[in-house]
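> Let me give you the structure first, and then I'll get to my questions.
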Amino acid sequence: MNSATIKIGILGIGGIGGFIGAPLAKKYQNTNVQIIFICRGETKNNIQNKGLIFESKDKTETVHPYLASDNPSEIGPLDVILLSCKSYSINEMLSTYKDCITVDTQIITLQNVVNAAEIIGSILPDSKPIIEGCIYVASNVKKPGHIQHIGGPGKIFIGGNENSKWITDILLNGNLDITQVDTIKEILWKKYLFVAPVAAITSAYKVSFGALLENKELMHILENMMVEIQSLAGKNNIVLTHEDIETAKNLLDKFPYQSKSSLQLDFENNNKTEKAFLVDYVIDECFKNGIQTPFYSAVNDKIRSLYGA
């Protein structure tokens, strides 16, 4: 970077944003790397007044970013922006903070979708190529400004090239477990293979990860939902194997028994949900490609009957 100061904005300080932001803010306090938490309301106020409280592995610490703000003028132009907001917020958030995003700003996505580049490209057509990514972690908001890491390794994968390697280096040095890869689309689909059907089935049947794993009937449904996603991936030139499905199923065992999907938690708390990206997208895209979705559709019908969504 030519500039002596590097400004990194984290858009959305929820479970994921807090998990990423806490180690970065701690590492880069009083350095030339400014970690900016872009948040609002009670979250912003609590972080401004008391810092961000972060719980992980029976350890609790408080960290202070360079800035916590929802004011684009105060935030200013960013060198890097990590999108850790919910998928349904991307349009509104990028529109709100468009003045912080220049043609040189590197945008990194961490949403649970396989088409983030297309979504963002339609909103910011003049931006640099989007760096798509994903994270394997269960991390929730205990209360605004208080994040609890529930489980999962916290492993991050992002795309990019040699020109963006400096970002990976900064994030690695900031104690994030991050790897830059050439095959990010394949990794996104492999994560989606786990996240989307697990989110749908736990919401439909109101079960935790552990309870799902113990239920042979539900695991049969889950596997067949994964087969439907496997077919859709194939239409997008991504090969997902039977071993990938087994690996995705086995991921359930990596989380605490009582873990719930974020979709399930949002339904339980009457929050806006990502159903459009995790359930409807699969069914709609499969329909466009002539793929039958008897298992996904049945689970979707159950979600509709429960939540009217």
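Residues are referred to by chain and number: the chain letter is A, B, ... according to the order shown in the structure tokens, the number counts from 1 in that chain, and ligands are numbered separately from 1 in the order shown.
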If you run DSSP on the backbone, which residues of region 93-187 of chain A are alpha helix (DSSP H), as a CSV table (one decimal) with C-alpha atoms, in the first residue's frame?

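Okay, this is what ended up in part-v2.csv:
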chain,number,residue,atom,x,y,z
A,93,MET,CA,-25.6,-1.5,3.6
A,94,LEU,CA,-23.6,-1.0,0.4
A,95,SER,CA,-26.0,1.8,-0.6
A,96,THR,CA,-25.6,3.5,2.8
A,116,ALA,CA,-22.1,-12.9,-3.7
A,117,ALA,CA,-20.0,-11.5,-6.6
A,118,GLU,CA,-23.1,-11.3,-8.8
A,119,ILE,CA,-25.2,-9.7,-6.0
A,120,ILE,CA,-22.6,-7.0,-5.2
A,121,GLY,CA,-21.6,-6.5,-8.8
A,122,SER,CA,-25.2,-5.5,-9.6
A,123,ILE,CA,-25.1,-2.9,-6.8
A,165,LYS,CA,-2.2,-11.0,-1.0
A,166,TRP,CA,-1.3,-8.1,1.2
A,167,ILE,CA,-4.8,-8.2,2.6
A,168,THR,CA,-4.4,-11.9,3.5
A,169,ASP,CA,-1.1,-11.1,5.2
A,170,ILE,CA,-2.7,-8.4,7.3
A,171,LEU,CA,-5.6,-10.6,8.4
A,172,LEU,CA,-3.2,-13.5,9.1
A,173,ASN,CA,-1.0,-11.2,11.2
A,184,ILE,CA,-12.9,-20.3,-4.0
A,185,LYS,CA,-16.1,-21.2,-5.9
A,186,GLU,CA,-15.6,-24.8,-5.2
A,187,ILE,CA,-15.1,-24.1,-1.5
> Under the rule of at most 12 Å, produce a per-residue listing of region 59-141 of chain A near region 274-282 of chain A: chain, number, name, the closest pair of atoms, and the distance in Å, as CSV, using only C-alpha atoms.

residue,atom,partner,partner_atom,distance
A:Cys85,CA,A:Glu274,CA,11.0
A:Lys86,CA,A:Glu274,CA,7.2
A:Ser87,CA,A:Glu274,CA,6.5
A:Tyr88,CA,A:Glu274,CA,6.3
A:Ser89,CA,A:Glu274,CA,9.5
A:Ile90,CA,A:Glu274,CA,11.4
A:Gln111,CA,A:Phe277,CA,9.7
A:Asn112,CA,A:Leu278,CA,7.7
A:Val113,CA,A:Phe277,CA,6.6
A:Val114,CA,A:Phe277,CA,9.1
A:Asn115,CA,A:Phe277,CA,9.5
A:Ala116,CA,A:Phe277,CA,10.3
A:Ile119,CA,A:Phe277,CA,11.1
> Just write the chosen residues, C-alpha atoms, as a PDB file, in the first residue's frame.

ATOM      1  CA  CYS A  85     -23.696  -8.503   7.539  1.00  0.00           C
ATOM      2  CA  LYS A  86     -26.607 -10.794   6.704  1.00  0.00           C
ATOM      3  CA  SER A  87     -27.174 -11.491   3.008  1.00  0.00           C
ATOM      4  CA  TYR A  88     -30.495  -9.622   2.984  1.00  0.00           C
ATOM      5  CA  SER A  89     -28.712  -6.466   4.225  1.00  0.00           C
ATOM      6  CA  ILE A  90     -26.082  -6.263   1.487  1.00  0.00           C
ATOM      7  CA  GLN A 111     -22.005 -14.420   3.403  1.00  0.00           C
ATOM      8  CA  ASN A 112     -23.487 -17.927   3.234  1.00  0.00           C
ATOM      9  CA  VAL A 113     -24.174 -17.683  -0.493  1.00  0.00           C
ATOM     10  CA  VAL A 114     -22.573 -18.887  -3.720  1.00  0.00           C
ATOM     11  CA  ASN A 115     -23.407 -15.815  -5.807  1.00  0.00           C
ATOM     12  CA  ALA A 116     -22.085 -12.899  -3.715  1.00  0.00           C
ATOM     13  CA  ILE A 119     -25.177  -9.688  -5.999  1.00  0.00           C
TER      14      ILE A 119
END
> Quick one: residues within 12 Å of region 283-293 of chain A, only C-alpha atoms, excluding same-chain residues fewer than 2 positions away - as a ChimeraX atom specification?
/A:114-115,196-197,200,221,224-236,275-281,295-301
> Skip Tyr205 (chain A) itself and residues of its chain fewer than 6 positions away, then list as a PyMOL selection string all residues within 10 Å of it, counting only C-alpha atoms.
chain A and resi 212+218+264+299+302-303+306
> Can I get the selected residues back with N, CA, C and O atoms, as a compact mmCIF listing (two decimals), in the first residue's frame?

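Done, and the output landed in result.txt:
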# COMPACT_ATOMS: atom_id res chain seq x y z
N LEU A 212 -30.36 -33.33 15.49
CA LEU A 212 -30.44 -33.69 14.07
C LEU A 212 -29.56 -34.91 13.78
O LEU A 212 -29.98 -35.86 13.13
N LEU A 218 -34.32 -37.72 9.88
CA LEU A 218 -33.95 -36.36 9.47
C LEU A 218 -32.61 -36.36 8.74
O LEU A 218 -32.43 -35.59 7.79
N GLN A 264 -32.46 -20.67 11.96
CA GLN A 264 -33.35 -21.15 13.01
C GLN A 264 -33.48 -20.12 14.14
O GLN A 264 -34.58 -19.83 14.61
N VAL A 299 -39.35 -29.62 2.92
CA VAL A 299 -38.84 -28.87 4.09
C VAL A 299 -39.30 -27.42 4.01
O VAL A 299 -39.69 -26.82 5.02
N LYS A 302 -42.80 -27.11 5.16
CA LYS A 302 -42.90 -27.20 6.62
C LYS A 302 -42.51 -25.86 7.26
O LYS A 302 -43.14 -25.41 8.23
N ILE A 303 -41.49 -25.21 6.71
CA ILE A 303 -41.08 -23.88 7.23
C ILE A 303 -42.22 -22.89 7.02
O ILE A 303 -42.55 -22.10 7.91
N LEU A 306 -44.95 -23.36 9.53
CA LEU A 306 -44.55 -22.95 10.89
C LEU A 306 -44.46 -21.44 11.04
O LEU A 306 -44.91 -20.88 12.04
> Go through A:Val141, A:Leu52, A:Ile6, A:Cys100 one by one, measure the shortest atom-to-atom distance of each to Ser73 (chain A) using only C-alpha atoms, and give the residue with the smallest value.
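Of A:Val141, A:Leu52, A:Ile6, A:Cys100, the one nearest Ser73 (chain A), counting only C-alpha atoms, is A:Cys100.
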> Please report the interatomic distance between CA of Val103 (chain A) and CA of Gly41 (chain A) in Å with one decimal.
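It comes out at 28.7 Å.
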> Take CA of Leu124 (chain A) and CA of Ile158 (chain A) and report the distance between them in Å, one decimal.
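Separation of CA of Leu124 (chain A) and CA of Ile158 (chain A): 19.6 Å.
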> Check the smallest atom-to-atom distance from each of A:Asn32, A:Ile135, A:Thr202, A:Lys216 to Thr179 (chain A) using only C-alpha atoms, then report the winner.
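The closest residue to Thr179 (chain A) is A:Ile135.
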> Which residue is closest to Tyr192 (chain A)? Choose from A:Gly308, A:Gly18, A:Gly133, A:Gly152 and count only C-alpha atoms.
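Among A:Gly308, A:Gly18, A:Gly133, A:Gly152, it is A:Gly133 that comes nearest to Tyr192 (chain A).
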> Which one is closest to Asp177 (chain A): A:Ala309, A:Ile20, A:Phe194, A:Val63? Count only C-alpha atoms.
A:Ile20
> At what distance in Å, to one decimal, does CA of Gln34 (chain A) lie from CA of His64 (chain A)?
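Atom-to-atom, CA of His64 (chain A) and CA of Gln34 (chain A) are spaced 11.1 Å apart.
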> Which residues come within 9 Å of Arg40 (chain A), counting only C-alpha atoms, excluding same-chain residues fewer than 6 positions away, as a ChimeraX atom specification?
/A:12-13,68-71
> Pick out the residues sitting within 8 Å of region 248-253 of chain A, and hand them over as a list in words; count only C-alpha atoms, and ignore anything fewer than 5 positions along from it in its own chain.
Lys190, Lys191, Leu193, Phe194, Phe209, Gly210, Leu213 and Glu223 of chain A
> Which is closer to Lys57 (chain A) than all the others in A:Ile38, A:Ile130, A:Ile201, A:Ile150, using only C-alpha atoms?
A:Ile150
